[in-house]
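Colleague: To start, I am sharing the structure in question, which I have written as structure tokens.
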Amino acid sequence: MAAHDAFTAGVKPGGLTSSTEIRLLLCYLVQNAGPLTRQEIETALMEEQLVNYFEIGSCLDDIARQELVCLSGEQYSITEKGRRVAQELGYDLPRSVREGAVAAVLRARTWAQKEAEYSAQITEQPDGHCTILCTVKGLEEELFSLQLGMPDRMTAELVKKRFILRGNEIYQLLINKLTEEEP
């Protein structure tokens, strides 16, 4: 029974619990959103709680061995054999699983791109308060940085996430305010 629990740990109802389905989803995902790194695949599938973490790695290794995908550098790409499998069997997977996985990969990619431009580092203080250093980068150069005090780690994590997601808006608002004409 313990092995069964480990297999489904972290998987929401409607997620995949069969190795065959997981391998099929991986082929479908690499075909429709690839090439992908292992990290992008893991982040997407774990975020959506579609597959157990340990099954992702095992099934990725399986489909690479079966030559359904090939690993080039750090990215998995679909092979012709994998493309046929994904096209013929991919629609056997629930639509919500297919769409959720592809959408999660796109969100993970967007997050990675934004994180390269908008970063935030949290430093915890001895008294439990945190400081967060928010930075906007452009062309490998720091354009703007702002340090904020936060009452606790949870609030700092929320601000970090929001800054990374909305850094462009924040930067634009600041530039507009600093450059607008006085009334």
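FYI, nothing fancy with the structure tokens labels: chains A, B, ... in order, residues from 1 per chain, ligands from 1 as they appear.
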For Phe163 (chain A), list every protein, DNA or RNA residue within 10 Å, evaluated using only C-alpha atoms, and leave out those in the same chain fewer than 3 positions away; present the list as a PyMOL selection string.

Modeller: chain A and resi 114-115+118-120+134-136+157-160+166-171

Colleague: Could you write out that same residue set with N, CA, C and O atoms as a JSON list (two decimals), in the first residue's frame?

Modeller:
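Below is the file selection-v2.json, written as the result:
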[["chain", "number", "residue", "atom", "x", "y", "z"],
["A", 114, "LYS", "N", 10.21, 36.38, -17.12],
["A", 114, "LYS", "CA", 10.00, 37.55, -16.27],
["A", 114, "LYS", "C", 11.03, 37.59, -15.15],
["A", 114, "LYS", "O", 11.53, 38.66, -14.80],
["A", 115, "GLU", "N", 11.35, 36.41, -14.60],
["A", 115, "GLU", "CA", 12.30, 36.34, -13.50],
["A", 115, "GLU", "C", 13.69, 36.81, -13.95],
["A", 115, "GLU", "O", 14.46, 37.33, -13.15],
["A", 118, "TYR", "N", 12.91, 40.75, -13.94],
["A", 118, "TYR", "CA", 12.42, 41.30, -12.68],
["A", 118, "TYR", "C", 12.74, 40.31, -11.57],
["A", 118, "TYR", "O", 12.15, 39.26, -11.48],
["A", 119, "SER", "N", 13.69, 40.68, -10.73],
["A", 119, "SER", "CA", 14.06, 39.76, -9.66],
["A", 119, "SER", "C", 13.78, 40.39, -8.31],
["A", 119, "SER", "O", 13.65, 41.61, -8.19],
["A", 120, "ALA", "N", 13.67, 39.54, -7.32],
["A", 120, "ALA", "CA", 13.45, 40.00, -5.96],
["A", 120, "ALA", "C", 14.13, 39.03, -5.01],
["A", 120, "ALA", "O", 13.93, 37.83, -5.10],
["A", 134, "CYS", "N", 13.98, 44.47, -4.80],
["A", 134, "CYS", "CA", 13.35, 44.28, -6.10],
["A", 134, "CYS", "C", 14.21, 44.97, -7.15],
["A", 134, "CYS", "O", 14.58, 46.14, -6.99],
["A", 135, "THR", "N", 14.50, 44.25, -8.24],
["A", 135, "THR", "CA", 15.40, 44.78, -9.27],
["A", 135, "THR", "C", 14.80, 44.57, -10.65],
["A", 135, "THR", "O", 14.25, 43.51, -10.94],
["A", 136, "VAL", "N", 14.94, 45.60, -11.48],
["A", 136, "VAL", "CA", 14.55, 45.51, -12.89],
["A", 136, "VAL", "C", 15.84, 45.55, -13.70],
["A", 136, "VAL", "O", 16.66, 46.45, -13.52],
["A", 157, "GLU", "N", 7.28, 36.88, 0.43],
["A", 157, "GLU", "CA", 7.15, 35.94, -0.69],
["A", 157, "GLU", "C", 6.05, 36.40, -1.65],
["A", 157, "GLU", "O", 6.20, 36.32, -2.86],
["A", 158, "LEU", "N", 4.95, 36.91, -1.10],
["A", 158, "LEU", "CA", 3.86, 37.42, -1.93],
["A", 158, "LEU", "C", 4.32, 38.62, -2.75],
["A", 158, "LEU", "O", 4.08, 38.70, -3.95],
["A", 159, "VAL", "N", 5.02, 39.56, -2.11],
["A", 159, "VAL", "CA", 5.52, 40.75, -2.81],
["A", 159, "VAL", "C", 6.51, 40.34, -3.89],
["A", 159, "VAL", "O", 6.49, 40.86, -5.01],
["A", 160, "LYS", "N", 7.38, 39.39, -3.58],
["A", 160, "LYS", "CA", 8.36, 38.90, -4.56],
["A", 160, "LYS", "C", 7.65, 38.36, -5.80],
["A", 160, "LYS", "O", 7.98, 38.73, -6.93],
["A", 166, "ARG", "N", 4.57, 41.52, -12.21],
["A", 166, "ARG", "CA", 4.09, 42.83, -12.63],
["A", 166, "ARG", "C", 5.18, 43.89, -12.61],
["A", 166, "ARG", "O", 4.88, 45.09, -12.59],
["A", 167, "GLY", "N", 6.44, 43.47, -12.66],
["A", 167, "GLY", "CA", 7.56, 44.41, -12.61],
["A", 167, "GLY", "C", 7.51, 45.47, -13.69],
["A", 167, "GLY", "O", 7.84, 46.63, -13.44],
["A", 168, "ASN", "N", 7.10, 45.09, -14.89],
["A", 168, "ASN", "CA", 7.03, 46.05, -15.99],
["A", 168, "ASN", "C", 6.04, 47.17, -15.68],
["A", 168, "ASN", "O", 6.34, 48.35, -15.89],
["A", 169, "GLU", "N", 4.87, 46.81, -15.16],
["A", 169, "GLU", "CA", 3.86, 47.82, -14.82],
["A", 169, "GLU", "C", 4.38, 48.75, -13.72],
["A", 169, "GLU", "O", 4.20, 49.97, -13.79],
["A", 170, "ILE", "N", 5.01, 48.17, -12.72],
["A", 170, "ILE", "CA", 5.54, 48.96, -11.61],
["A", 170, "ILE", "C", 6.60, 49.93, -12.11],
["A", 170, "ILE", "O", 6.60, 51.12, -11.77],
["A", 171, "TYR", "N", 7.51, 49.43, -12.93],
["A", 171, "TYR", "CA", 8.58, 50.26, -13.48],
["A", 171, "TYR", "C", 8.00, 51.39, -14.33],
["A", 171, "TYR", "O", 8.40, 52.55, -14.22]]

Colleague: Within 12 Å of Gly73 (chain A), counting only C-alpha atoms, which residues show up once you throw out same-chain ones fewer than 4 positions away? Write them as a PDB file with all heavy atoms, in the first residue's frame, please.

Modeller:
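For reference, selection-v8.pdb as written:
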ATOM      1  N   PRO A  35      10.534  22.297 -27.725  1.00  0.00           N
ATOM      2  CA  PRO A  35      11.349  21.511 -26.797  1.00  0.00           C
ATOM      3  C   PRO A  35      11.294  22.079 -25.376  1.00  0.00           C
ATOM      4  O   PRO A  35      11.116  23.273 -25.185  1.00  0.00           O
ATOM      5  CB  PRO A  35      12.758  21.574 -27.361  1.00  0.00           C
ATOM      6  CG  PRO A  35      12.759  22.650 -28.388  1.00  0.00           C
ATOM      7  CD  PRO A  35      11.342  22.960 -28.740  1.00  0.00           C
ATOM      8  N   LEU A  36      11.431  21.162 -24.399  1.00  0.00           N
ATOM      9  CA  LEU A  36      11.299  21.515 -22.995  1.00  0.00           C
ATOM     10  C   LEU A  36      12.437  20.938 -22.174  1.00  0.00           C
ATOM     11  O   LEU A  36      12.931  19.858 -22.471  1.00  0.00           O
ATOM     12  CB  LEU A  36       9.988  20.934 -22.431  1.00  0.00           C
ATOM     13  CG  LEU A  36       8.691  21.406 -23.062  1.00  0.00           C
ATOM     14  CD1 LEU A  36       7.530  20.544 -22.597  1.00  0.00           C
ATOM     15  CD2 LEU A  36       8.442  22.849 -22.699  1.00  0.00           C
ATOM     16  N   THR A  37      12.799  21.659 -21.124  1.00  0.00           N
ATOM     17  CA  THR A  37      13.778  21.119 -20.187  1.00  0.00           C
ATOM     18  C   THR A  37      13.039  20.273 -19.148  1.00  0.00           C
ATOM     19  O   THR A  37      11.827  20.425 -18.958  1.00  0.00           O
ATOM     20  CB  THR A  37      14.532  22.240 -19.445  1.00  0.00           C
ATOM     21  OG1 THR A  37      13.599  22.956 -18.637  1.00  0.00           O
ATOM     22  CG2 THR A  37      15.243  23.181 -20.408  1.00  0.00           C
ATOM     23  N   ARG A  38      13.781  19.421 -18.468  1.00  0.00           N
ATOM     24  CA  ARG A  38      13.199  18.615 -17.388  1.00  0.00           C
ATOM     25  C   ARG A  38      12.585  19.545 -16.341  1.00  0.00           C
ATOM     26  O   ARG A  38      11.503  19.276 -15.836  1.00  0.00           O
ATOM     27  CB  ARG A  38      14.264  17.711 -16.767  1.00  0.00           C
ATOM     28  CG  ARG A  38      13.739  16.840 -15.638  1.00  0.00           C
ATOM     29  CD  ARG A  38      14.815  15.954 -15.050  1.00  0.00           C
ATOM     30  NE  ARG A  38      15.195  14.891 -15.943  1.00  0.00           N
ATOM     31  CZ  ARG A  38      14.868  13.610 -15.777  1.00  0.00           C
ATOM     32  NH1 ARG A  38      14.162  13.243 -14.738  1.00  0.00           N
ATOM     33  NH2 ARG A  38      15.256  12.707 -16.640  1.00  0.00           N
ATOM     34  N   SER A  77      13.159  16.969 -27.046  1.00  0.00           N
ATOM     35  CA  SER A  77      12.430  17.242 -28.283  1.00  0.00           C
ATOM     36  C   SER A  77      11.718  15.968 -28.696  1.00  0.00           C
ATOM     37  O   SER A  77      12.187  14.868 -28.417  1.00  0.00           O
ATOM     38  CB  SER A  77      13.395  17.654 -29.405  1.00  0.00           C
ATOM     39  OG  SER A  77      14.072  18.826 -29.046  1.00  0.00           O
TER      40      SER A  77
END

Colleague: Among the residues of region 58-109 of chain A, find those DSSP assigns to helix (DSSP H, G or I) from the backbone and print them as a PyMOL selection string.

Modeller: chain A and resi 58-65+80-92+95-109

Colleague: Tell me, as a list in words, which residues lie within 10 Å of region 146-156 of chain A, counting only C-alpha atoms; anything in the same chain fewer than 3 positions away does not count.

Modeller: Ala120, Gln121, Ile122, Thr123, Glu124, Gln125, Asp127, Gly128, His129, Cys130, Thr131, Ile132, Leu133, Cys134, Thr135, Val136, Val159, Lys160, Lys161 and Arg162 of chain A

Colleague: Which residue is closest to Val11 (chain A)? Choose from A:Ile41, A:Met46, A:Ala33, A:Cys59 and count only C-alpha atoms.

Modeller: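 The closest residue to Val11 (chain A) is A:Met46.
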
Colleague: Any idea what's packed within 8 Å of Ile78 (chain A), counting only C-alpha atoms, ignoring anything in its chain fewer than 5 positions away? Could you give it as a ChimeraX atom specification?

Modeller: /A:27,30-31,34-35,68-70,83

Colleague: Export, as a JSON list (two decimals), in the first residue's frame, the selected residues with N, CA, C and O atoms.

Modeller:
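out34.json written:
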[["chain", "number", "residue", "atom", "x", "y", "z"],
["A", 27, "CYS", "N", 4.86, 12.80, -23.93],
["A", 27, "CYS", "CA", 5.01, 12.90, -25.39],
["A", 27, "CYS", "C", 4.14, 14.03, -25.93],
["A", 27, "CYS", "O", 4.58, 14.85, -26.75],
["A", 30, "VAL", "N", 5.67, 17.46, -24.90],
["A", 30, "VAL", "CA", 6.89, 17.81, -25.64],
["A", 30, "VAL", "C", 6.53, 18.14, -27.09],
["A", 30, "VAL", "O", 7.09, 19.06, -27.68],
["A", 31, "GLN", "N", 5.58, 17.41, -27.66],
["A", 31, "GLN", "CA", 5.18, 17.70, -29.03],
["A", 31, "GLN", "C", 4.51, 19.07, -29.14],
["A", 31, "GLN", "O", 4.79, 19.84, -30.05],
["A", 34, "GLY", "N", 7.04, 21.81, -26.78],
["A", 34, "GLY", "CA", 8.48, 21.60, -26.74],
["A", 34, "GLY", "C", 9.23, 22.43, -27.75],
["A", 34, "GLY", "O", 8.63, 23.16, -28.52],
["A", 35, "PRO", "N", 10.53, 22.30, -27.72],
["A", 35, "PRO", "CA", 11.35, 21.51, -26.80],
["A", 35, "PRO", "C", 11.29, 22.08, -25.38],
["A", 35, "PRO", "O", 11.12, 23.27, -25.19],
["A", 68, "LEU", "N", 11.10, 8.05, -28.00],
["A", 68, "LEU", "CA", 9.91, 8.85, -28.28],
["A", 68, "LEU", "C", 10.26, 10.33, -28.18],
["A", 68, "LEU", "O", 9.63, 11.18, -28.81],
["A", 69, "VAL", "N", 11.27, 10.63, -27.37],
["A", 69, "VAL", "CA", 11.84, 11.97, -27.28],
["A", 69, "VAL", "C", 13.35, 11.81, -27.31],
["A", 69, "VAL", "O", 13.87, 10.73, -27.03],
["A", 70, "CYS", "N", 14.04, 12.89, -27.67],
["A", 70, "CYS", "CA", 15.50, 12.85, -27.59],
["A", 70, "CYS", "C", 15.94, 14.03, -26.73],
["A", 70, "CYS", "O", 15.31, 15.08, -26.72],
["A", 83, "ARG", "N", 6.05, 11.66, -32.05],
["A", 83, "ARG", "CA", 4.99, 12.46, -32.66],
["A", 83, "ARG", "C", 3.80, 11.59, -33.05],
["A", 83, "ARG", "O", 2.65, 11.93, -32.79]]

Colleague: When you count only C-alpha atoms, which of these residues is closest to Glu117 (chain A): A:Val51, A:Leu143, A:Leu26, A:Ile56?

Modeller: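 Closest candidate: A:Leu143.
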
Colleague: Given only C-alpha atoms as the basis, pick out the residue of A:Ala116, A:Ile22, A:Ala103, A:Ile175 nearest to Ser58 (chain A).

Modeller: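 That would be A:Ile22, the residue with the smallest distance to Ser58 (chain A).
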
Colleague: Distance CA of Leu45 (chain A)-CA of Gly82 (chain A), one decimal place?

Modeller: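 These atoms are spaced 19.1 Å apart.
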
Colleague: Can you check which residues of region 41-83 of chain A DSSP gives as strand (DSSP E) on the backbone and send them as a list of chain:residue names?

Modeller: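 The residues of region 41-83 of chain A classed as strand (DSSP E) are A:Val69, A:Cys70, A:Leu71, A:Ser72, A:Gln75, A:Tyr76, A:Ser77, A:Ile78.
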
Colleague: Based on the selection just made, write N, CA and C atoms of those residues as an mmCIF file, in the first residue's frame.

Modeller:
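In the end it all went to out37.cif:
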data_model
loop_
_atom_site.group_PDB
_atom_site.id
_atom_site.type_symbol
_atom_site.label_atom_id
_atom_site.label_comp_id
_atom_site.auth_asym_id
_atom_site.auth_seq_id
_atom_site.Cartn_x
_atom_site.Cartn_y
_atom_site.Cartn_z
ATOM 1 N N VAL A 69 11.266 10.631 -27.372
ATOM 2 C CA VAL A 69 11.843 11.973 -27.279
ATOM 3 C C VAL A 69 13.350 11.810 -27.310
ATOM 4 N N CYS A 70 14.036 12.886 -27.669
ATOM 5 C CA CYS A 70 15.495 12.850 -27.587
ATOM 6 C C CYS A 70 15.941 14.027 -26.731
ATOM 7 N N LEU A 71 16.999 13.799 -25.981
ATOM 8 C CA LEU A 71 17.547 14.823 -25.114
ATOM 9 C C LEU A 71 18.740 15.441 -25.811
ATOM 10 N N SER A 72 18.633 16.730 -26.077
ATOM 11 C CA SER A 72 19.696 17.451 -26.752
ATOM 12 C C SER A 72 20.103 18.601 -25.842
ATOM 13 N N GLN A 75 17.403 19.975 -23.299
ATOM 14 C CA GLN A 75 16.029 20.024 -23.775
ATOM 15 C C GLN A 75 15.579 18.724 -24.426
ATOM 16 N N TYR A 76 14.337 18.359 -24.090
ATOM 17 C CA TYR A 76 13.706 17.203 -24.710
ATOM 18 C C TYR A 76 12.950 17.675 -25.939
ATOM 19 N N SER A 77 13.159 16.969 -27.046
ATOM 20 C CA SER A 77 12.430 17.242 -28.283
ATOM 21 C C SER A 77 11.718 15.968 -28.696
ATOM 22 N N ILE A 78 10.628 16.125 -29.397
ATOM 23 C CA ILE A 78 9.856 14.962 -29.851
ATOM 24 C C ILE A 78 10.545 14.343 -31.059
#

Colleague: Using only C-alpha atoms, which residue out of A:Ser19, A:Asp92, A:Leu106, A:Ala101 lies closest to Gly57 (chain A)?

Modeller: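 With only C-alpha atoms as the atom set, the closest residue is A:Ser19.
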
Colleague: Using only C-alpha atoms, which of A:Arg95, A:Arg23, A:Leu174, A:Glu55 sits nearest Glu67 (chain A)?

Modeller: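 The answer is A:Arg23, which sits nearest to Glu67 (chain A).
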
Colleague: What lies within 9 Å of Ala44 (chain A) using only C-alpha atoms, ignoring chain neighbours under 6 positions off, as a PDB file with N, CA, C and O atoms, in the first residue's frame?

Modeller:
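Heads up, here's the output in part.pdb:
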ATOM      1  N   LEU A  50      -0.695  17.165 -11.617  1.00  0.00           N
ATOM      2  CA  LEU A  50      -1.174  16.164 -12.567  1.00  0.00           C
ATOM      3  C   LEU A  50      -0.459  14.830 -12.422  1.00  0.00           C
ATOM      4  O   LEU A  50      -1.005  13.798 -12.802  1.00  0.00           O
ATOM      5  N   GLY A 100      -4.380  21.582 -19.237  1.00  0.00           N
ATOM      6  CA  GLY A 100      -3.750  22.065 -18.008  1.00  0.00           C
ATOM      7  C   GLY A 100      -2.235  21.962 -18.079  1.00  0.00           C
ATOM      8  O   GLY A 100      -1.519  22.864 -17.642  1.00  0.00           O
ATOM      9  N   ALA A 101      -1.740  20.865 -18.640  1.00  0.00           N
ATOM     10  CA  ALA A 101      -0.292  20.657 -18.738  1.00  0.00           C
ATOM     11  C   ALA A 101       0.343  21.670 -19.691  1.00  0.00           C
ATOM     12  O   ALA A 101       1.373  22.274 -19.366  1.00  0.00           O
ATOM     13  N   VAL A 102      -0.252  21.874 -20.853  1.00  0.00           N
ATOM     14  CA  VAL A 102       0.305  22.823 -21.823  1.00  0.00           C
ATOM     15  C   VAL A 102       0.245  24.242 -21.258  1.00  0.00           C
ATOM     16  O   VAL A 102       1.223  24.998 -21.336  1.00  0.00           O
ATOM     17  N   ALA A 103      -0.876  24.613 -20.639  1.00  0.00           N
ATOM     18  CA  ALA A 103      -0.997  25.956 -20.058  1.00  0.00           C
ATOM     19  C   ALA A 103       0.027  26.164 -18.945  1.00  0.00           C
ATOM     20  O   ALA A 103       0.625  27.236 -18.828  1.00  0.00           O
ATOM     21  N   ALA A 104       0.261  25.137 -18.142  1.00  0.00           N
ATOM     22  CA  ALA A 104       1.232  25.249 -17.045  1.00  0.00           C
ATOM     23  C   ALA A 104       2.653  25.420 -17.584  1.00  0.00           C
ATOM     24  O   ALA A 104       3.443  26.177 -17.016  1.00  0.00           O
ATOM     25  N   VAL A 105       2.983  24.746 -18.686  1.00  0.00           N
ATOM     26  CA  VAL A 105       4.312  24.913 -19.293  1.00  0.00           C
ATOM     27  C   VAL A 105       4.470  26.349 -19.783  1.00  0.00           C
ATOM     28  O   VAL A 105       5.506  26.976 -19.568  1.00  0.00           O
ATOM     29  N   LEU A 106       3.449  26.875 -20.415  1.00  0.00           N
ATOM     30  CA  LEU A 106       3.523  28.251 -20.912  1.00  0.00           C
ATOM     31  C   LEU A 106       3.673  29.238 -19.750  1.00  0.00           C
ATOM     32  O   LEU A 106       4.447  30.190 -19.845  1.00  0.00           O
ATOM     33  N   ARG A 107       2.955  29.003 -18.652  1.00  0.00           N
ATOM     34  CA  ARG A 107       3.101  29.867 -17.474  1.00  0.00           C
ATOM     35  C   ARG A 107       4.512  29.763 -16.902  1.00  0.00           C
ATOM     36  O   ARG A 107       5.108  30.772 -16.521  1.00  0.00           O
ATOM     37  N   ALA A 108       5.051  28.550 -16.842  1.00  0.00           N
ATOM     38  CA  ALA A 108       6.406  28.358 -16.305  1.00  0.00           C
ATOM     39  C   ALA A 108       7.435  29.087 -17.163  1.00  0.00           C
ATOM     40  O   ALA A 108       8.365  29.705 -16.642  1.00  0.00           O
TER      41      ALA A 108
END

Colleague: Rounded to one decimal in Å, what is the spacing between CA of Glu42 (chain A) and CA of Glu88 (chain A)?

Modeller: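 Here the two named atoms are 24.1 Å from each other.
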